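target_19.txt (compact mmCIF, C-alpha atoms)
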# COMPACT_ATOMS: atom_id res chain seq x y z
CA MET A 1 161.61 40.80 23.80
CA ARG A 2 160.91 44.10 22.05
CA ARG A 3 162.89 46.27 24.48
CA ASN A 4 166.06 44.31 23.62
CA VAL A 5 165.87 45.68 20.05
CA VAL A 6 166.79 49.09 21.46
CA PRO A 7 170.54 49.37 22.21
CA PRO A 8 171.24 49.92 25.94
CA GLN A 9 173.25 53.02 25.00
CA ALA A 10 170.04 54.60 23.68
CA TYR A 11 168.42 54.20 27.09
CA PHE A 12 171.46 55.85 28.62
CA VAL A 13 171.22 58.87 26.29
CA VAL A 14 167.60 59.37 27.39
CA SER A 15 168.73 59.15 31.02
CA ALA A 16 171.58 61.60 30.46
CA ILE A 17 169.24 64.22 29.00
CA PHE A 18 166.51 64.00 31.62
CA HIS A 19 168.87 63.44 34.56
CA TYR A 20 169.58 67.19 34.67
CA LEU A 21 166.69 68.66 32.69
CA GLY A 22 164.36 68.08 35.64
CA PRO A 23 166.76 69.56 38.23
CA ALA A 24 167.32 72.59 35.99
CA PHE A 25 163.58 73.28 36.13
CA ALA A 26 163.65 72.53 39.86
CA VAL A 27 166.15 75.36 40.44
CA LEU A 28 163.50 77.73 39.07
CA LEU A 29 161.13 76.54 41.83
CA PHE A 30 163.57 77.38 44.63
CA ALA A 31 162.24 80.95 44.72
CA ARG A 32 158.86 79.59 45.89
CA ILE A 33 159.72 76.28 47.59
CA ASP A 34 162.67 75.35 49.81
CA PRO A 35 165.17 72.99 48.09
CA LEU A 36 164.37 70.17 50.53
CA GLY A 37 160.68 70.66 49.79
CA VAL A 38 161.33 70.40 46.05
CA ALA A 39 163.47 67.31 46.65
CA TRP A 40 160.71 65.57 48.61
CA LEU A 41 158.07 66.52 46.03
CA ARG A 42 160.31 65.04 43.33
CA ILE A 43 160.72 61.78 45.25
CA ALA A 44 157.07 61.58 46.28
CA ALA A 45 155.78 62.30 42.77
CA ALA A 46 158.00 59.61 41.28
CA GLY A 47 157.20 57.15 44.07
CA THR A 48 153.45 57.65 43.62
CA ILE A 49 153.64 57.22 39.84
CA PHE A 50 155.71 54.05 40.18
CA TRP A 51 153.37 52.53 42.77
CA LEU A 52 150.26 53.27 40.71
CA TRP A 53 151.94 52.00 37.57
CA ARG A 54 153.69 48.87 38.83
CA ARG A 55 151.87 48.03 42.09
CA PRO A 56 155.15 46.57 43.38
CA PHE A 57 153.86 45.49 46.80
CA ARG A 58 152.83 42.24 45.11
CA ALA A 59 156.47 41.58 44.19
CA TRP A 60 157.64 42.48 47.73
CA ARG A 61 155.82 39.47 49.22
CA SER A 62 157.85 37.02 47.14
CA LEU A 63 161.28 38.48 47.92
CA ASP A 64 163.77 36.99 50.37
CA SER A 65 165.22 39.01 53.25
CA SER A 66 168.52 39.84 51.53
CA THR A 67 166.74 41.32 48.50
CA ARG A 68 164.47 43.33 50.78
CA ARG A 69 167.51 44.72 52.60
CA LEU A 70 169.04 45.62 49.23
CA LEU A 71 165.91 47.55 48.25
CA VAL A 72 165.70 49.33 51.60
CA GLY A 73 169.36 50.33 51.27
CA TRP A 74 168.76 51.62 47.76
CA GLY A 75 165.72 53.54 48.95
CA VAL A 76 167.75 55.24 51.70
CA VAL A 77 170.44 56.14 49.17
CA LEU A 78 167.83 57.60 46.79
CA ALA A 79 166.30 59.71 49.56
CA VAL A 80 169.53 61.17 50.95
CA MET A 81 171.11 61.55 47.50
CA ASN A 82 168.20 63.57 46.14
CA CYS A 83 168.10 65.83 49.20
CA SER A 84 171.85 66.50 49.14
CA PHE A 85 171.73 67.05 45.37
CA TYR A 86 169.07 69.75 45.64
CA LEU A 87 170.88 71.46 48.49
CA ALA A 88 174.03 71.41 46.33
CA ILE A 89 172.49 72.88 43.15
CA ASP A 90 170.94 75.63 45.26
CA ARG A 91 174.51 76.83 45.97
CA VAL A 92 176.69 75.44 43.17
CA PRO A 93 176.29 75.59 39.34
CA LEU A 94 174.58 72.52 37.91
CA GLY A 95 177.53 71.57 35.70
CA THR A 96 179.91 71.67 38.66
CA VAL A 97 177.73 69.38 40.75
CA ALA A 98 177.48 66.98 37.83
CA ALA A 99 181.25 66.97 37.34
CA THR A 100 181.85 66.25 41.02
CA GLU A 101 179.27 63.45 40.91
CA PHE A 102 181.51 61.63 38.50
CA ALA A 103 184.61 61.58 40.76
CA PRO A 104 183.69 58.38 42.71
CA ILE A 105 182.14 56.85 39.58
CA ILE A 106 185.52 56.90 37.85
CA VAL A 107 186.76 54.42 40.45
CA LEU A 108 184.02 51.98 39.44
CA ALA A 109 185.11 52.25 35.83
CA ALA A 110 188.79 51.87 36.73
CA ILE A 111 188.20 48.59 38.60
CA ALA A 112 187.39 46.74 35.39
CA VAL A 113 189.87 48.33 32.98
CA ARG A 114 191.26 45.48 30.83
CA SER A 115 192.85 47.21 27.83
CA LEU A 116 195.03 50.16 26.88
CA ARG A 117 192.14 51.62 24.90
CA ASN A 118 189.83 51.60 27.92
CA LEU A 119 192.60 52.99 30.13
CA LEU A 120 193.03 55.90 27.70
CA ALA A 121 189.27 56.46 27.73
CA LEU A 122 189.35 56.53 31.51
CA VAL A 123 192.20 59.06 31.57
CA LEU A 124 190.42 61.33 29.09
CA ALA A 125 187.23 61.17 31.18
CA VAL A 126 189.14 62.13 34.32
CA VAL A 127 190.82 65.05 32.55
CA GLY A 128 187.51 66.31 31.19
CA VAL A 129 185.76 66.12 34.54
CA TYR A 130 188.72 67.78 36.28
CA ILE A 131 188.51 70.76 33.92
CA LEU A 132 184.77 71.05 34.54
CA THR A 133 185.23 71.12 38.31
CA ASP A 134 184.64 74.68 39.51
CA VAL A 135 187.02 76.23 42.08
CA ARG A 136 184.05 78.00 43.67
CA LEU A 137 183.41 74.81 45.60
CA SER A 138 186.28 75.69 47.93
CA HIS A 139 184.54 78.93 48.99
CA ASP A 140 181.21 77.38 50.01
CA ARG A 141 181.59 74.80 52.76
CA ILE A 142 177.92 73.80 52.83
CA GLY A 143 177.86 73.55 49.05
CA LEU A 144 181.08 71.52 49.16
CA ILE A 145 179.72 69.10 51.77
CA CYS A 146 176.41 68.61 49.94
CA THR A 147 178.17 68.18 46.60
CA ALA A 148 180.64 65.64 48.00
CA LEU A 149 177.88 63.71 49.79
CA ASN A 150 175.81 63.62 46.63
CA ALA A 151 178.80 62.32 44.65
CA LEU A 152 179.42 59.46 47.08
CA LEU A 153 175.76 58.53 47.15
CA PHE A 154 175.56 58.67 43.35
CA ALA A 155 178.24 55.99 43.21
CA ALA A 156 176.21 53.95 45.71
CA TYR A 157 173.13 54.48 43.51
CA VAL A 158 174.97 52.95 40.55
CA VAL A 159 176.25 49.96 42.54
CA LEU A 160 172.95 49.15 44.26
CA GLY A 161 170.88 49.93 41.17
CA HIS A 162 173.00 47.57 39.12
CA ARG A 163 172.44 44.79 41.68
CA VAL A 164 168.69 45.38 41.73
CA SER A 165 168.54 45.28 37.91
CA ARG A 166 170.00 41.74 38.04
CA VAL A 167 167.56 40.29 40.61
CA ASP A 168 165.68 37.54 38.78
CA GLU A 169 162.65 37.70 41.08
CA LEU A 170 162.06 41.34 40.20
CA ARG A 171 160.93 42.85 36.97
CA ARG A 172 163.36 45.66 36.33
CA ILE A 173 161.01 48.53 37.10
CA ASP A 174 159.42 46.82 40.13
CA GLY A 175 162.65 47.06 42.12
CA LEU A 176 162.91 50.75 41.30
CA ALA A 177 159.26 51.28 42.24
CA LEU A 178 159.78 49.65 45.64
CA ALA A 179 162.94 51.67 46.30
CA MET A 180 161.25 54.97 45.37
CA GLY A 181 158.36 54.18 47.69
CA ILE A 182 160.83 53.58 50.51
CA ALA A 183 162.67 56.80 49.62
CA THR A 184 159.41 58.77 49.82
CA VAL A 185 158.89 57.63 53.41
CA ILE A 186 162.55 58.17 54.39
CA ALA A 187 162.60 61.76 53.08
CA LEU A 188 159.17 62.66 54.48
CA PRO A 189 160.37 64.14 57.83
CA VAL A 190 162.85 66.55 56.24
CA GLY A 191 160.85 67.66 53.20
CA VAL A 192 157.11 67.60 53.69
CA LEU A 193 156.89 70.82 55.73
CA GLN A 194 159.12 72.67 53.30
CA ALA A 195 156.88 71.47 50.46
CA LYS A 196 153.81 73.12 52.04
CA PRO A 197 153.57 76.04 49.52
CA ALA A 198 152.87 73.54 46.73
CA PHE A 199 149.91 72.01 48.58
CA THR A 200 147.89 75.21 48.24
CA ASN A 201 149.06 76.18 44.75
CA PRO A 202 148.01 73.80 41.94
CA THR A 203 150.47 75.39 39.50
CA LEU A 204 153.42 74.84 41.83
CA LEU A 205 152.28 71.30 42.57
CA ALA A 206 151.95 70.48 38.87
CA ALA A 207 155.41 71.92 38.23
CA ALA A 208 156.88 69.83 41.07
CA VAL A 209 155.23 66.69 39.69
CA GLY A 210 156.70 67.52 36.29
CA VAL A 211 160.13 67.81 37.91
CA GLY A 212 159.62 64.40 39.48
CA ILE A 213 158.72 62.82 36.14
CA CYS A 214 161.68 64.42 34.35
CA SER A 215 164.16 63.82 37.18
CA SER A 216 163.26 60.44 38.62
CA VAL A 217 160.74 58.55 36.51
CA ILE A 218 162.19 58.84 32.99
CA PRO A 219 165.94 58.73 33.80
CA TYR A 220 165.71 56.06 36.52
CA VAL A 221 163.64 53.76 34.28
CA ALA A 222 166.13 54.30 31.47
CA ASP A 223 168.99 53.57 33.89
CA GLN A 224 167.46 50.25 34.91
CA LEU A 225 166.95 49.20 31.30
CA ALA A 226 170.55 50.14 30.49
CA MET A 227 172.06 48.60 33.64
CA ALA A 228 170.41 45.27 32.95
CA ARG A 229 172.38 44.94 29.70
CA LEU A 230 175.62 46.83 30.37
CA LYS A 231 178.52 45.91 32.61
CA ARG A 232 178.76 48.13 35.68
CA SER A 233 182.17 49.44 34.58
CA THR A 234 180.82 50.40 31.13
CA PHE A 235 177.78 52.10 32.60
CA ALA A 236 180.01 53.94 35.09
CA LEU A 237 182.27 55.30 32.36
CA MET A 238 179.31 56.35 30.22
CA LEU A 239 178.17 58.45 33.16
CA ALA A 240 181.00 60.79 32.19
CA LEU A 241 178.49 62.18 29.68
CA LEU A 242 176.44 63.61 32.54
CA PRO A 243 178.68 66.63 33.22
CA ALA A 244 178.49 67.41 29.52
CA THR A 245 174.69 67.27 29.40
CA ALA A 246 174.46 69.17 32.68
CA THR A 247 176.68 71.95 31.32
CA LEU A 248 174.56 72.21 28.17
CA ILE A 249 171.25 72.17 30.06
CA GLY A 250 172.59 74.65 32.63
CA ALA A 251 173.37 77.04 29.79
CA LEU A 252 170.03 76.62 28.00
CA VAL A 253 167.71 76.66 31.02
CA LEU A 254 169.60 78.50 33.76
CA HIS A 255 171.90 80.69 31.64
CA GLN A 256 174.96 79.25 33.38
CA PHE A 257 177.13 79.59 30.28
CA PRO A 258 180.32 77.51 30.06
CA THR A 259 183.76 78.95 29.35
CA LEU A 260 186.01 77.81 26.53
CA PRO A 261 187.95 75.43 28.83
CA GLU A 262 184.63 73.91 29.94
CA LEU A 263 183.60 73.38 26.33
CA ALA A 264 186.94 71.69 25.72
CA ALA A 265 186.26 69.47 28.74
CA VAL A 266 182.86 68.48 27.35
CA THR A 267 184.51 67.46 24.07
CA THR A 268 187.12 65.44 25.96
CA ILE A 269 184.46 63.58 27.93
CA VAL A 270 182.42 62.73 24.84
CA THR A 271 185.60 61.45 23.16
CA ALA A 272 186.34 59.24 26.18
CA VAL A 273 182.91 57.65 26.08
CA ALA A 274 183.17 57.06 22.32
CA LEU A 275 186.62 55.50 22.76
CA HIS A 276 185.60 53.05 25.49
CA HIS A 277 185.00 49.50 24.30
CA GLU A 278 183.23 46.75 26.20
CA PRO A 279 184.65 43.31 25.40
CA ALA A 280 182.21 40.65 24.21

Output the file's structure as structure tokens, nothing else.
Amino acid sequence: MRRNVVPPQAYFVVSAIFHYLGPAFAVLLFARIDPLGVAWLRIAAAGTIFWLWRRPFRAWRSLDSSTRRLLVGWGVVLAVMNCSFYLAIDRVPLGTVAATEFAPIIVLAAIAVRSLRNLLALVLAVVGVYILTDVRLSHDRIGLICTALNALLFAAYVVLGHRVSRVDELRRIDGLALAMGIATVIALPVGVLQAKPAFTNPTLLAAAVGVGICSSVIPYVADQLAMARLKRSTFALMLALLPATATLIGALVLHQFPTLPELAAVTTIVTAVALHHEPA
């Protein structure tokens, strides 16, 4: 198939760029819309696009009960993860949230370490993420709780998303479309009222839809295409690039400029990802 000509790592690079580009723009909307409102608009915009594009309800009818439970679980994770993420970046720098996201992910990568080279890559990734972690987390309890919750749920997103990408009865994007539709409904009670300002302002609504496309449509599709062809441990370690891209995007869009130690950490993380090798 044509999509197999593209290396899975290329899909991941696309995901890494857009994973935080959308949230960086979302932070700029917080002055007009509550973070939970922006989070729901992001989920709803992506869910609507996926349902119009894929029409996944046709695939739902053919699924067994265990696969349906998997999709519902993934939808719940997507809803709560996005809400906690937006509450976190409202209080904590984007690069810090991204670095903390990687903490549980490193465990997934460690589970499948089989060589000294991969162990060294894992150690370098941990060191880089540790340097990027901002001590300001300890002074903001709400920010700390939201950041930690988002990190745990991000690990669950990787695990469940990897399982969905391997379901033979689902085309790769159909599972994601179903999960995003479920997430839209799950997040509705906590976000729809806060999203009210966008309903009467076409500019705000268009901006929120753009955030949804950049944050959830492009990176999540790229993730599914990459997950389907990469081992979970390899994908988990490559996620160490996310703090690096988040730091760069935070500087360019939000003027959250990194220090010299943070730049050194970014270099360490990129080195770790380049060093990692997936056995044939």

Inset, instruction - Skip Val14 of chain A itself and residues of its chain fewer than 4 positions away, then list as a VMD selection string all residues within 8 Å of it, counting only C-alpha atoms. - result: chain A and resid 10 18 218 to 219 222

Write out, as a tab-separated table, each residue of segment 43-124 of chain A that has an atom at most 10 Å from segment 257-271 of chain A, together with the closest pair of atoms and their distance in Å to one decimal, counting only C-alpha atoms, rows going by chain and rising number.
residue	atom	partner	partner_atom	distance
A:Pro93	CA	A:Phe257	CA	9.9
A:Gly95	CA	A:Pro258	CA	8.7
A:Ala121	CA	A:Thr271	CA	7.7
A:Leu122	CA	A:Ile269	CA	9.3
A:Val123	CA	A:Ile269	CA	9.7
A:Leu124	CA	A:Thr268	CA	6.1

Restrict the selected residues to C-alpha atoms and save them as a short mmCIF file (atom, residue, chain, number, x, y, z; two decimals), in the coordinates of the input.
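What landed in out.cif:
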data_model
loop_
_atom_site.label_atom_id
_atom_site.label_comp_id
_atom_site.auth_asym_id
_atom_site.auth_seq_id
_atom_site.Cartn_x
_atom_site.Cartn_y
_atom_site.Cartn_z
CA PRO A 93 176.29 75.59 39.34
CA GLY A 95 177.53 71.57 35.70
CA ALA A 121 189.27 56.46 27.73
CA LEU A 122 189.35 56.53 31.51
CA VAL A 123 192.20 59.06 31.57
CA LEU A 124 190.42 61.33 29.09
#

Inset, instruction - Compare A:Gly161, A:Gly212, A:Gly175, A:Pro202 by their minimum atom-to-atom distance to Val38 of chain A, counting all atoms listed in the file, and give me the closest one. - result: A:Gly212

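Here atom CA of Val92 of chain A and atom CA of His162 of chain A stand 28.4 Å from one another.
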
Inset, instruction - For each of A:Ala208, A:Val190, A:Ala125, A:Trp74, take the minimum atom-to-atom distance to Met238 of chain A, counting only C-alpha atoms, then give the residue where this is smallest. - result: A:Ala125

Legend entry - Atom-to-atom span, atom CA of Arg171 of chain A and atom CA of Val211 of chain A, Å: 25.0 Å

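Nearest to Gln256 of chain A of all the residues A:Ala16, A:Leu94, A:Ile89, A:Leu21 is A:Leu94, based on all atoms listed in the file.
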
Inset, instruction - Mind giving me the straight-line distance from atom CA of Leu63 of chain A to atom CA of Leu230 of chain A in Å, one decimal? - result: 24.2 Å

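Every protein or nucleic acid residue with an atom no more than 8 Å from Leu242 of chain A, counting all atoms listed in the file and leaving out same-chain residues fewer than 3 positions away, appears here: Ala16, His19, Ala98, Ala99, Leu239, Thr245 and Ala246 of chain A.
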
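The closest residue to Gly143 of chain A, picked from A:Val6, A:Ile213, A:Leu87, A:Ile249 and counting all atoms listed in the file, is A:Leu87.
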
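Using all atoms listed in the file for every distance, the candidate list A:Thr147, A:Thr48, A:Ser115, A:Gln194 yields A:Thr147 as the residue closest to Ala88 of chain A.
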
Legend entry - Among the residues A:Ala195, A:Leu188, A:Met81, A:Ala31, the one that comes closest to Leu153 of chain A [using only C-alpha atoms]: A:Met81

Inset, instruction - Quick one: residues within 12 Å of (161.1, 63.8, 39.5) (file frame), counting all atoms listed in the file, please, as a ChimeraX atom specification. - result: /A:18-26,38-50,78,82,86,180,184,205-221

Those same residues - C-alpha atoms - I'd like them written as a PDB file, in the frame of the given file.
ATOM      1  CA  PHE A  18     166.510  64.000  31.620  1.00  0.00           C
ATOM      2  CA  HIS A  19     168.870  63.440  34.560  1.00  0.00           C
ATOM      3  CA  TYR A  20     169.580  67.190  34.670  1.00  0.00           C
ATOM      4  CA  LEU A  21     166.690  68.660  32.690  1.00  0.00           C
ATOM      5  CA  GLY A  22     164.360  68.080  35.640  1.00  0.00           C
ATOM      6  CA  PRO A  23     166.760  69.560  38.230  1.00  0.00           C
ATOM      7  CA  ALA A  24     167.320  72.590  35.990  1.00  0.00           C
ATOM      8  CA  PHE A  25     163.580  73.280  36.130  1.00  0.00           C
ATOM      9  CA  ALA A  26     163.650  72.530  39.860  1.00  0.00           C
ATOM     10  CA  VAL A  38     161.330  70.400  46.050  1.00  0.00           C
ATOM     11  CA  ALA A  39     163.470  67.310  46.650  1.00  0.00           C
ATOM     12  CA  TRP A  40     160.710  65.570  48.610  1.00  0.00           C
ATOM     13  CA  LEU A  41     158.070  66.520  46.030  1.00  0.00           C
ATOM     14  CA  ARG A  42     160.310  65.040  43.330  1.00  0.00           C
ATOM     15  CA  ILE A  43     160.720  61.780  45.250  1.00  0.00           C
ATOM     16  CA  ALA A  44     157.070  61.580  46.280  1.00  0.00           C
ATOM     17  CA  ALA A  45     155.780  62.300  42.770  1.00  0.00           C
ATOM     18  CA  ALA A  46     158.000  59.610  41.280  1.00  0.00           C
ATOM     19  CA  GLY A  47     157.200  57.150  44.070  1.00  0.00           C
ATOM     20  CA  THR A  48     153.450  57.650  43.620  1.00  0.00           C
ATOM     21  CA  ILE A  49     153.640  57.220  39.840  1.00  0.00           C
ATOM     22  CA  PHE A  50     155.710  54.050  40.180  1.00  0.00           C
ATOM     23  CA  LEU A  78     167.830  57.600  46.790  1.00  0.00           C
ATOM     24  CA  ASN A  82     168.200  63.570  46.140  1.00  0.00           C
ATOM     25  CA  TYR A  86     169.070  69.750  45.640  1.00  0.00           C
ATOM     26  CA  MET A 180     161.250  54.970  45.370  1.00  0.00           C
ATOM     27  CA  THR A 184     159.410  58.770  49.820  1.00  0.00           C
ATOM     28  CA  LEU A 205     152.280  71.300  42.570  1.00  0.00           C
ATOM     29  CA  ALA A 206     151.950  70.480  38.870  1.00  0.00           C
ATOM     30  CA  ALA A 207     155.410  71.920  38.230  1.00  0.00           C
ATOM     31  CA  ALA A 208     156.880  69.830  41.070  1.00  0.00           C
ATOM     32  CA  VAL A 209     155.230  66.690  39.690  1.00  0.00           C
ATOM     33  CA  GLY A 210     156.700  67.520  36.290  1.00  0.00           C
ATOM     34  CA  VAL A 211     160.130  67.810  37.910  1.00  0.00           C
ATOM     35  CA  GLY A 212     159.620  64.400  39.480  1.00  0.00           C
ATOM     36  CA  ILE A 213     158.720  62.820  36.140  1.00  0.00           C
ATOM     37  CA  CYS A 214     161.680  64.420  34.350  1.00  0.00           C
ATOM     38  CA  SER A 215     164.160  63.820  37.180  1.00  0.00           C
ATOM     39  CA  SER A 216     163.260  60.440  38.620  1.00  0.00           C
ATOM     40  CA  VAL A 217     160.740  58.550  36.510  1.00  0.00           C
ATOM     41  CA  ILE A 218     162.190  58.840  32.990  1.00  0.00           C
ATOM     42  CA  PRO A 219     165.940  58.730  33.800  1.00  0.00           C
ATOM     43  CA  TYR A 220     165.710  56.060  36.520  1.00  0.00           C
ATOM     44  CA  VAL A 221     163.640  53.760  34.280  1.00  0.00           C
TER      45      VAL A 221
END

Up to 10 Å from (172.8, 48.5, 46.1) in the file's coordinates: name the residues, counting all atoms listed in the file, as a PDB file with C-alpha atoms, keeping the file's coordinate frame.
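After the write, selection-v8.pdb holds the following:
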ATOM      1  CA  THR A  67     166.740  41.320  48.500  1.00  0.00           C
ATOM      2  CA  ARG A  69     167.510  44.720  52.600  1.00  0.00           C
ATOM      3  CA  LEU A  70     169.040  45.620  49.230  1.00  0.00           C
ATOM      4  CA  LEU A  71     165.910  47.550  48.250  1.00  0.00           C
ATOM      5  CA  VAL A  72     165.700  49.330  51.600  1.00  0.00           C
ATOM      6  CA  GLY A  73     169.360  50.330  51.270  1.00  0.00           C
ATOM      7  CA  TRP A  74     168.760  51.620  47.760  1.00  0.00           C
ATOM      8  CA  GLY A  75     165.720  53.540  48.950  1.00  0.00           C
ATOM      9  CA  VAL A  77     170.440  56.140  49.170  1.00  0.00           C
ATOM     10  CA  ALA A 155     178.240  55.990  43.210  1.00  0.00           C
ATOM     11  CA  ALA A 156     176.210  53.950  45.710  1.00  0.00           C
ATOM     12  CA  TYR A 157     173.130  54.480  43.510  1.00  0.00           C
ATOM     13  CA  VAL A 158     174.970  52.950  40.550  1.00  0.00           C
ATOM     14  CA  VAL A 159     176.250  49.960  42.540  1.00  0.00           C
ATOM     15  CA  LEU A 160     172.950  49.150  44.260  1.00  0.00           C
ATOM     16  CA  GLY A 161     170.880  49.930  41.170  1.00  0.00           C
ATOM     17  CA  HIS A 162     173.000  47.570  39.120  1.00  0.00           C
ATOM     18  CA  ARG A 163     172.440  44.790  41.680  1.00  0.00           C
ATOM     19  CA  VAL A 164     168.690  45.380  41.730  1.00  0.00           C
ATOM     20  CA  SER A 165     168.540  45.280  37.910  1.00  0.00           C
TER      21      SER A 165
END
